[in-house]
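Visitor: Submitted below is the structure of interest, expressed as structure tokens.
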Amino acid sequence: MQKAGRDSNGGRRRAGGHDMYSSPARNNKSDVQKKTEKDKELQTRPAHHWKRVKPIGENRGGLNGGVFIVKDRKGKTFIEKRAKPDLVKNRTVMQEIIILKYLSSPSHPHITKMVDHYIDTKRCESSIYLEWCDLGGLNSLIEARVASHELFNEQDVWEWYIQLFSALTYCHYGPDPKARFQYKKPEDWQNGWDMVYHRDIKVDNILVAKGGPPGQSTAYTLKLADFGCAVARRHIWTNVKDKQLKNPWASRGWMAPEFPMFLGRTDVWQLGAVMGCICNVQCMPFFDFADPAPGYSRDLANAIATSMEEDHAKRPKADEVLNHVRERAARLL
């Protein structure tokens with residue numbers, strides 16, 4: 001099996017894929033593509049004026065062209081992710097912009113919001129502008145706990161569990177996850193939410209902002225970020241000859257048991273692994289999957305272990321995990 005991971009420069013390496021999709025090609029365009037066309041063309045220049053302040057991650061991240069702190073005319077801080085020319089040429093950055101535009105209609109409080117973008121195919125230049133998360137990545141929060149030799153508060157962990165799985169449920173099923181149970185005819189599925197697979201969930205791709213959401217006591221808000229590997233399900237169905245869409249992407253150490261196959265429950269496994277990393281105060285899932293939350297309640301350990309069920313057919317879907325965690329957290333907290 002050819003594995004996927006990071007190359008020596010920190011870029012993603014593609015793995016040989018397995019086509020798990022037996023659905024025939026459809027003539028209709030995917031919902032993601034339709035919504036993008038409603039916005040006419042992708043912008044060839046930013047809609048706002050941006051002042052670049054300083055770099056915070058040269059040659060890092062999904063676009064590998066550098067990450068910068070920028071400010072708008074009012075002095076508000078945002079993030080700019082620049083793309084390397086080859087990622088403009090092969091349309092990888094276009095795919096991420098399309099996904100982010102789709103997920104922002106409407107936006108979700110636990111998914112990083114794109115506020116501007118541009119893609120100039122003639123100059124092979126592109127940038128994505130995103131909301132600023134003032135505490136950076138979840139890895140920084142974890143590393144601070146490593147230094148203090150302290151576990152996170154369990155109530156915080158439960159609330160972060162709810163935050164992140166609400167974001168993943170939105171990616172998979174949209175603003176109304178129950179709507180899919182009402183689909184009876186082919187056109188219902190064609191006009192419904194176009195499921196978005198993240199495909200690269202890991203500690204590094206979770207961002208943290210100060211202040212908890214309404215109804216939670218935690219001092220932090222976690223957000224699912226970096227959709228550079230994401231793809232819409234019907235985009236795969238309607239582009240069956242595009243092997244890049246069907247090939248899995250994964251960072252080394254974050255490959256689910258079913259790799260190289262990927263599906264919605266692969267995202268569930270990876271996000272469960274993120275929760276295990278939080279409980280074990282580490283940035284890679286090198287813990288005991290059977291006991292993923294040592295020092296915490298059995299309920300929390302069981303919830304994470306269920307999210308990381310080895311058999312993907314038995315693993316719950318994102319909304320099922322979310323409903324279970326909400327129920328257990330309400331009882332315990």
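Starting from 1 in every chain, residues are counted up; chains themselves are A, B, ... following the order of the structure tokens, and ligands are numbered from 1 as listed.
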Within 10 Å of segment 154-157 of chain A, counting only C-alpha atoms, which residues qualify if same-chain residues fewer than 5 places away don't, as a compact mmCIF listing (two decimals) with N, CA, C and O atoms, in the first residue's frame?

Guide:
# COMPACT_ATOMS: atom_id res chain seq x y z
N ILE A 162 -18.31 18.88 21.59
CA ILE A 162 -19.55 19.35 20.97
C ILE A 162 -19.25 20.38 19.88
O ILE A 162 -19.83 20.33 18.79
N GLN A 163 -18.35 21.31 20.15
CA GLN A 163 -18.00 22.34 19.17
C GLN A 163 -17.51 21.71 17.86
O GLN A 163 -17.98 22.05 16.77
N GLY A 212 -15.62 31.63 25.01
CA GLY A 212 -16.44 30.46 24.69
C GLY A 212 -17.75 30.86 24.04
O GLY A 212 -18.21 32.00 24.18
N GLN A 216 -21.89 27.73 26.92
CA GLN A 216 -20.78 26.90 27.38
C GLN A 216 -19.91 27.69 28.34
O GLN A 216 -19.80 28.91 28.24
N SER A 217 -19.28 26.96 29.27
CA SER A 217 -18.46 27.62 30.28
C SER A 217 -16.99 27.72 29.89
O SER A 217 -16.22 28.43 30.52
N THR A 218 -16.58 27.02 28.83
CA THR A 218 -15.19 27.03 28.42
C THR A 218 -14.75 28.44 28.01
O THR A 218 -15.55 29.24 27.53
N ALA A 219 -13.47 28.72 28.18
CA ALA A 219 -12.92 30.02 27.82
C ALA A 219 -12.42 30.06 26.38
O ALA A 219 -11.86 31.07 25.95
N TYR A 220 -12.63 28.95 25.64
CA TYR A 220 -12.07 28.86 24.30
C TYR A 220 -13.13 28.43 23.28
O TYR A 220 -14.04 27.66 23.59
N MET A 275 -9.68 14.44 19.67
CA MET A 275 -10.17 14.45 21.05
C MET A 275 -9.28 13.59 21.93
O MET A 275 -8.98 13.94 23.09
N GLY A 276 -8.80 12.46 21.42
CA GLY A 276 -7.87 11.62 22.17
C GLY A 276 -6.56 12.33 22.44
O GLY A 276 -5.97 12.20 23.52
N ILE A 278 -6.19 15.55 22.79
CA ILE A 278 -6.46 16.53 23.84
C ILE A 278 -6.39 15.87 25.21
O ILE A 278 -5.77 16.39 26.14
N CYS A 279 -7.01 14.70 25.33
CA CYS A 279 -7.04 14.01 26.63
C CYS A 279 -5.68 13.47 27.04
O CYS A 279 -5.37 13.37 28.23
N GLY A 295 -7.36 9.23 33.02
CA GLY A 295 -7.50 10.36 33.94
C GLY A 295 -8.84 11.06 33.84
O GLY A 295 -9.12 11.98 34.61
N TYR A 296 -9.67 10.63 32.88
CA TYR A 296 -10.99 11.21 32.69
C TYR A 296 -12.08 10.17 32.96
O TYR A 296 -11.78 8.99 33.21
N SER A 297 -13.32 10.58 32.88
CA SER A 297 -14.43 9.66 33.15
C SER A 297 -14.50 8.55 32.10
O SER A 297 -14.03 8.72 30.96
N LEU A 300 -16.36 9.64 28.90
CA LEU A 300 -15.59 10.37 27.90
C LEU A 300 -14.70 9.41 27.12
O LEU A 300 -14.62 9.49 25.88
N ALA A 329 -22.94 14.77 27.93
CA ALA A 329 -22.43 15.98 28.59
C ALA A 329 -23.52 16.63 29.44
O ALA A 329 -23.26 17.11 30.55
N LEU A 332 -23.80 14.60 32.67
CA LEU A 332 -22.63 14.63 33.55
C LEU A 332 -22.33 16.03 34.07
O LEU A 332 -21.83 16.17 35.20
N LEU A 333 -22.61 17.05 33.28
CA LEU A 333 -22.16 18.39 33.64
C LEU A 333 -23.27 19.23 34.26
O LEU A 333 -23.01 20.25 34.86

Visitor: Do a neighbour search on Thr92 of chain A at 9 Å with only C-alpha atoms, toss out local chain neighbours closer than 5 positions, and write the hits as an mmCIF file with N, CA, C and O atoms, in the first residue's frame.

Guide:
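Listed below is the output, selection10.cif:
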data_model
loop_
_atom_site.group_PDB
_atom_site.id
_atom_site.type_symbol
_atom_site.label_atom_id
_atom_site.label_comp_id
_atom_site.auth_asym_id
_atom_site.auth_seq_id
_atom_site.Cartn_x
_atom_site.Cartn_y
_atom_site.Cartn_z
ATOM 1 N N LEU A 63 -1.614 25.565 1.483
ATOM 2 C CA LEU A 63 -1.298 26.224 0.215
ATOM 3 C C LEU A 63 0.196 26.421 0.014
ATOM 4 O O LEU A 63 0.638 26.717 -1.082
ATOM 5 N N ASP A 86 2.086 26.296 -8.631
ATOM 6 C CA ASP A 86 1.639 25.005 -9.152
ATOM 7 C C ASP A 86 0.267 24.615 -8.618
ATOM 8 O O ASP A 86 -0.483 23.893 -9.280
ATOM 9 N N LEU A 87 -0.098 25.103 -7.411
ATOM 10 C CA LEU A 87 -1.414 24.796 -6.861
ATOM 11 C C LEU A 87 -2.506 25.656 -7.491
ATOM 12 O O LEU A 87 -3.686 25.316 -7.396
ATOM 13 N N ILE A 97 -11.232 27.221 -2.352
ATOM 14 C CA ILE A 97 -12.055 28.434 -2.346
ATOM 15 C C ILE A 97 -13.526 28.089 -2.554
ATOM 16 O O ILE A 97 -14.414 28.597 -1.866
ATOM 17 N N GLY A 228 -7.897 22.510 2.455
ATOM 18 C CA GLY A 228 -7.117 22.310 1.240
ATOM 19 C C GLY A 228 -7.242 20.924 0.643
ATOM 20 O O GLY A 228 -6.988 20.731 -0.548
ATOM 21 N N CYS A 229 -7.631 19.942 1.460
ATOM 22 C CA CYS A 229 -7.806 18.571 0.968
ATOM 23 C C CYS A 229 -9.277 18.206 0.812
ATOM 24 O O CYS A 229 -9.601 17.085 0.422
#

Visitor: Take atom CA of Asn139 of chain A and atom CA of Thr266 of chain A and report the distance between them in Å, one decimal.

Guide: 21.3 Å

Visitor: Report as a PyMOL selection string: the residues of segment 141-305 of chain A with a DSSP assignment of helix (DSSP H, G or I), based on the backbone of this structure.

Guide: chain A and resi 141-148+154-173+177-182+186-191+203-205+233-237+243-246+264-280+298-305

Visitor: For segment 70-76 of chain A, please output as a compact mmCIF listing (two decimals) with all heavy atoms, in the first residue's frame all residues within 12 Å (counting only C-alpha atoms; exclusion window: fewer than 6 positions along the same chain).

Guide:
# COMPACT_ATOMS: atom_id res chain seq x y z
N PRO A 46 -8.67 40.76 -4.84
CA PRO A 46 -9.39 40.81 -3.56
C PRO A 46 -10.46 41.89 -3.57
O PRO A 46 -10.30 42.93 -4.20
CB PRO A 46 -8.28 41.15 -2.55
CG PRO A 46 -7.00 40.77 -3.23
CD PRO A 46 -7.23 41.00 -4.69
N ALA A 47 -11.54 41.64 -2.85
CA ALA A 47 -12.62 42.62 -2.77
C ALA A 47 -12.27 43.74 -1.80
O ALA A 47 -12.85 44.83 -1.86
CB ALA A 47 -13.91 41.94 -2.34
N HIS A 48 -11.32 43.50 -0.89
CA HIS A 48 -10.93 44.48 0.12
C HIS A 48 -9.45 44.84 -0.03
O HIS A 48 -8.69 44.11 -0.67
CB HIS A 48 -11.20 43.93 1.52
CG HIS A 48 -12.62 43.50 1.73
ND1 HIS A 48 -13.65 44.37 1.96
CD2 HIS A 48 -13.17 42.25 1.74
CE1 HIS A 48 -14.78 43.70 2.10
NE2 HIS A 48 -14.52 42.42 1.97
N HIS A 49 -9.09 45.94 0.60
CA HIS A 49 -7.68 46.35 0.63
C HIS A 49 -7.04 45.74 1.86
O HIS A 49 -7.51 45.92 2.98
CB HIS A 49 -7.57 47.87 0.68
CG HIS A 49 -6.15 48.34 0.84
ND1 HIS A 49 -5.25 48.36 -0.22
CD2 HIS A 49 -5.48 48.80 1.92
CE1 HIS A 49 -4.09 48.82 0.22
NE2 HIS A 49 -4.20 49.09 1.51
N TRP A 50 -5.94 45.01 1.66
CA TRP A 50 -5.27 44.33 2.76
C TRP A 50 -3.85 44.84 2.93
O TRP A 50 -3.13 44.99 1.95
CB TRP A 50 -5.23 42.81 2.51
CG TRP A 50 -6.59 42.20 2.38
CD1 TRP A 50 -7.23 41.84 1.23
CD2 TRP A 50 -7.48 41.91 3.45
NE1 TRP A 50 -8.46 41.32 1.52
CE2 TRP A 50 -8.65 41.35 2.87
CE3 TRP A 50 -7.42 42.05 4.84
CZ2 TRP A 50 -9.74 40.94 3.63
CZ3 TRP A 50 -8.51 41.64 5.59
CH2 TRP A 50 -9.64 41.10 5.00
N LYS A 51 -3.49 45.09 4.18
CA LYS A 51 -2.13 45.50 4.51
C LYS A 51 -1.43 44.32 5.19
O LYS A 51 -1.84 43.88 6.26
CB LYS A 51 -2.13 46.71 5.44
CG LYS A 51 -0.73 47.18 5.82
CD LYS A 51 -0.79 48.36 6.78
CE LYS A 51 0.61 48.81 7.19
NZ LYS A 51 0.57 49.95 8.15
N ARG A 52 -0.40 43.83 4.55
CA ARG A 52 0.33 42.69 5.12
C ARG A 52 1.20 43.18 6.28
O ARG A 52 1.97 44.12 6.16
CB ARG A 52 1.19 42.03 4.05
CG ARG A 52 1.78 40.70 4.47
CD ARG A 52 2.41 40.00 3.30
NE ARG A 52 1.41 39.61 2.32
CZ ARG A 52 1.70 39.28 1.07
NH1 ARG A 52 2.95 39.30 0.66
NH2 ARG A 52 0.74 38.93 0.24
N VAL A 53 1.07 42.49 7.43
CA VAL A 53 1.79 42.89 8.65
C VAL A 53 3.06 42.09 8.83
O VAL A 53 4.16 42.64 8.93
CB VAL A 53 0.88 42.75 9.89
CG1 VAL A 53 1.64 43.13 11.17
CG2 VAL A 53 -0.37 43.61 9.73
N LYS A 54 2.94 40.77 8.87
CA LYS A 54 4.12 39.93 9.05
C LYS A 54 3.80 38.49 8.69
O LYS A 54 2.65 38.06 8.77
CB LYS A 54 4.64 40.01 10.48
CG LYS A 54 3.70 39.45 11.52
CD LYS A 54 4.34 39.51 12.91
CE LYS A 54 3.40 38.93 13.97
NZ LYS A 54 4.00 38.95 15.32
N PRO A 55 4.82 37.73 8.30
CA PRO A 55 4.60 36.30 8.03
C PRO A 55 4.54 35.52 9.34
O PRO A 55 5.22 35.86 10.31
CB PRO A 55 5.84 35.91 7.21
CG PRO A 55 6.90 36.87 7.65
CD PRO A 55 6.19 38.16 7.98
N ILE A 56 3.73 34.48 9.37
CA ILE A 56 3.69 33.62 10.56
C ILE A 56 3.89 32.16 10.20
O ILE A 56 3.88 31.31 11.07
CB ILE A 56 2.37 33.78 11.33
CG1 ILE A 56 1.17 33.45 10.42
CG2 ILE A 56 2.24 35.16 11.91
CD1 ILE A 56 -0.15 33.42 11.18
N ARG A 82 -1.36 32.20 1.17
CA ARG A 82 -0.97 32.33 -0.24
C ARG A 82 -0.72 30.96 -0.84
O ARG A 82 -0.24 30.04 -0.17
CB ARG A 82 0.28 33.19 -0.36
CG ARG A 82 0.10 34.62 0.13
CD ARG A 82 1.32 35.46 -0.17
NE ARG A 82 1.50 35.64 -1.61
CZ ARG A 82 2.55 36.24 -2.15
NH1 ARG A 82 3.52 36.70 -1.38
NH2 ARG A 82 2.64 36.39 -3.45
N VAL A 115 -13.20 35.37 4.38
CA VAL A 115 -13.76 36.71 4.25
C VAL A 115 -13.43 37.36 2.91
O VAL A 115 -14.05 38.35 2.52
CB VAL A 115 -13.27 37.62 5.41
CG1 VAL A 115 -13.77 37.10 6.74
CG2 VAL A 115 -11.75 37.74 5.41
N ASP A 116 -12.45 36.82 2.19
CA ASP A 116 -12.07 37.37 0.89
C ASP A 116 -11.18 36.35 0.19
O ASP A 116 -10.65 35.41 0.83
CB ASP A 116 -11.33 38.70 1.08
CG ASP A 116 -11.31 39.55 -0.20
OD1 ASP A 116 -11.88 39.12 -1.22
OD2 ASP A 116 -10.72 40.65 -0.16
N SER A 127 -4.71 33.98 -3.16
CA SER A 127 -4.70 34.06 -1.70
C SER A 127 -6.10 33.85 -1.17
O SER A 127 -7.09 34.18 -1.84
CB SER A 127 -4.19 35.43 -1.22
OG SER A 127 -2.80 35.54 -1.36
N ILE A 128 -6.16 33.29 0.02
CA ILE A 128 -7.42 33.14 0.75
C ILE A 128 -7.27 33.94 2.05
O ILE A 128 -6.27 33.81 2.75
CB ILE A 128 -7.71 31.66 1.06
CG1 ILE A 128 -7.93 30.88 -0.23
CG2 ILE A 128 -8.92 31.53 1.98
CD1 ILE A 128 -8.10 29.39 -0.01
N TYR A 129 -8.28 34.77 2.35
CA TYR A 129 -8.26 35.59 3.56
C TYR A 129 -9.29 35.04 4.54
O TYR A 129 -10.46 34.86 4.19
CB TYR A 129 -8.55 37.05 3.22
CG TYR A 129 -7.55 37.64 2.25
CD1 TYR A 129 -7.74 37.53 0.87
CD2 TYR A 129 -6.40 38.27 2.71
CE1 TYR A 129 -6.81 38.05 -0.02
CE2 TYR A 129 -5.47 38.80 1.83
CZ TYR A 129 -5.68 38.68 0.47
OH TYR A 129 -4.74 39.20 -0.42
N LEU A 130 -8.83 34.77 5.76
CA LEU A 130 -9.65 34.08 6.76
C LEU A 130 -9.71 34.86 8.06
O LEU A 130 -8.84 35.69 8.35
CB LEU A 130 -9.07 32.69 7.04
CG LEU A 130 -8.94 31.76 5.84
CD1 LEU A 130 -7.86 30.73 6.09
CD2 LEU A 130 -10.27 31.07 5.57
N GLU A 131 -10.76 34.57 8.83
CA GLU A 131 -10.87 35.19 10.15
C GLU A 131 -9.66 34.83 11.01
O GLU A 131 -9.05 33.77 10.85
CB GLU A 131 -12.15 34.74 10.84
CG GLU A 131 -12.21 33.25 11.14
CD GLU A 131 -13.46 32.87 11.92
OE1 GLU A 131 -13.80 33.58 12.88
OE2 GLU A 131 -14.09 31.86 11.54
N TRP A 132 -9.32 35.71 11.92
CA TRP A 132 -8.16 35.56 12.79
C TRP A 132 -8.58 34.84 14.07
O TRP A 132 -9.54 35.23 14.73
CB TRP A 132 -7.60 36.94 13.11
CG TRP A 132 -6.66 37.05 14.27
CD1 TRP A 132 -6.90 37.63 15.48
CD2 TRP A 132 -5.30 36.60 14.32
NE1 TRP A 132 -5.79 37.58 16.28
CE2 TRP A 132 -4.80 36.94 15.59
CE3 TRP A 132 -4.46 35.93 13.42
CZ2 TRP A 132 -3.49 36.65 15.99
CZ3 TRP A 132 -3.18 35.65 13.81
CH2 TRP A 132 -2.70 35.99 15.06
N ASP A 134 -7.09 34.24 17.60
CA ASP A 134 -5.99 34.90 18.31
C ASP A 134 -5.06 33.97 19.09
O ASP A 134 -3.93 34.34 19.40
CB ASP A 134 -6.52 35.99 19.24
CG ASP A 134 -7.70 35.53 20.09
OD1 ASP A 134 -8.04 34.34 20.05
OD2 ASP A 134 -8.28 36.39 20.78

Visitor: Run DSSP on the backbone and give me the residues of segment 37-219 of chain A it puts in strand (DSSP E), as number ranges by chain.

Guide: A: 51-55, 64-71, 77-83, 114-120, 125-131, 196-197, 206-210

Visitor: With only C-alpha atoms as the counted atoms, please give the residues lying no more than 10 Å from Ala179 of chain A, apart from itself and same-chain residues fewer than 3 positions off, as number ranges by chain.

Guide: A: 173-176, 182-183, 188, 192-193

Visitor: Which residues, written as a list in words, have at least one atom at most 10 Å from Phe286 of chain A, with only C-alpha atoms counted and residues fewer than 2 positions away on the same chain left out?

Guide: Gly253, Trp254, Ala273, Gly276, Cys277, Asn280, Gln282, Cys283, Met284, Asp288, Phe289 and Pro292 of chain A

Visitor: Take the residues from that selection and write them out as a tab-separated table (two decimals), in the first residue's frame, keeping C-alpha atoms.

Guide:
chain	number	residue	atom	x	y	z
A	253	GLY	CA	-0.03	9.31	11.59
A	254	TRP	CA	-3.61	10.42	10.91
A	273	ALA	CA	-8.29	11.09	17.33
A	276	GLY	CA	-7.87	11.62	22.17
A	277	CYS	CA	-4.85	13.87	21.65
A	280	ASN	CA	-3.52	12.60	26.35
A	282	GLN	CA	-0.14	15.24	22.80
A	283	CYS	CA	-0.28	16.43	19.21
A	284	MET	CA	-0.22	13.05	17.44
A	288	ASP	CA	-4.03	3.58	23.48
A	289	PHE	CA	-7.16	3.63	21.31
A	292	PRO	CA	-8.10	7.12	24.87

Visitor: Rank A:Gly66, A:Pro109, A:Gly215, A:Pro316 by their smallest atom-to-atom distance to Ala330 of chain A, using only C-alpha atoms, and report the top residue only.

Guide: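 Residue with the minimum atom-to-atom distance to Ala330 of chain A: A:Gly215.
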
Visitor: Using only C-alpha atoms, which residues sit within 8 Å of Ala230 of chain A once same-chain residues fewer than 6 positions away are excluded, as a PyMOL selection string?

Guide: chain A and resi 95-96+99+196-200

Visitor: Mind checking which residues fall within 7 Å of Ala83 of chain A, counting only C-alpha atoms, ignoring those fewer than 6 positions away in the same chain, and posting them as a PyMOL selection string?

Guide: chain A and resi 63-65+93+125-127

Visitor: Would you export the selected residues with N, CA, C and O atoms as a JSON list (two decimals), in the first residue's frame, please?

Guide:
[["chain", "number", "residue", "atom", "x", "y", "z"],
["A", 63, "LEU", "N", -1.61, 25.56, 1.48],
["A", 63, "LEU", "CA", -1.30, 26.22, 0.22],
["A", 63, "LEU", "C", 0.20, 26.42, 0.01],
["A", 63, "LEU", "O", 0.64, 26.72, -1.08],
["A", 64, "ASN", "N", 0.98, 26.30, 1.08],
["A", 64, "ASN", "CA", 2.44, 26.27, 1.00],
["A", 64, "ASN", "C", 3.09, 27.51, 0.41],
["A", 64, "ASN", "O", 4.26, 27.50, 0.08],
["A", 65, "GLY", "N", 2.35, 28.58, 0.25],
["A", 65, "GLY", "CA", 2.94, 29.80, -0.28],
["A", 65, "GLY", "C", 3.20, 30.82, 0.80],
["A", 65, "GLY", "O", 3.60, 31.94, 0.52],
["A", 93, "VAL", "N", -6.12, 25.15, -5.31],
["A", 93, "VAL", "CA", -6.57, 26.31, -4.53],
["A", 93, "VAL", "C", -8.00, 26.69, -4.92],
["A", 93, "VAL", "O", -8.79, 27.11, -4.07],
["A", 125, "GLU", "N", -1.31, 33.34, -9.33],
["A", 125, "GLU", "CA", -1.30, 33.87, -7.97],
["A", 125, "GLU", "C", -2.67, 33.68, -7.34],
["A", 125, "GLU", "O", -3.69, 33.77, -8.03],
["A", 126, "SER", "N", -2.67, 33.42, -6.05],
["A", 126, "SER", "CA", -3.94, 33.28, -5.35],
["A", 126, "SER", "C", -3.73, 33.41, -3.85],
["A", 126, "SER", "O", -2.67, 33.04, -3.32],
["A", 127, "SER", "N", -4.71, 33.98, -3.16],
["A", 127, "SER", "CA", -4.70, 34.06, -1.70],
["A", 127, "SER", "C", -6.10, 33.85, -1.17],
["A", 127, "SER", "O", -7.09, 34.18, -1.84]]

Visitor: Identify which of the residues A:Lys81, A:His149, A:Arg326, A:Lys223 lies closest to Lys202 of chain A, counting only C-alpha atoms when measuring atom-to-atom distances.

Guide: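 Ranking A:Lys81, A:His149, A:Arg326, A:Lys223 by distance to Lys202 of chain A, first place goes to A:Lys223.
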
Visitor: Using only C-alpha atoms, which of A:Leu322, A:Asp267, A:Tyr170, A:Val274 sits nearest Phe287 of chain A?

Guide: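 The answer is A:Val274, which sits nearest to Phe287 of chain A.
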
Visitor: Using only C-alpha atoms for the distances, tell me which of A:Arg234, A:Val268, A:Asp194, A:Gly137 is nearest to Ile206 of chain A.

Guide: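 With only C-alpha atoms as the atom set, the closest residue is A:Gly137.
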
Visitor: Atom CA of His117 of chain A and atom CA of Ala209 of chain A are how many Å apart?

Guide: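 Taking atom CA of His117 of chain A as the start and atom CA of Ala209 of chain A as the end point, the length is 21.9 Å.
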
Visitor: May I ask for the distance between atom CA of Arg233 of chain A and atom CA of Leu100 of chain A, given in Å to one decimal place?

Guide: 14.7 Å

Visitor: With distances taken over only C-alpha atoms, which residue among A:Phe152, A:Tyr102, A:Tyr118, A:Phe227 lies nearest Val281 of chain A?

Guide: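 Ranked by minimum distance to Val281 of chain A, first place goes to A:Phe152.
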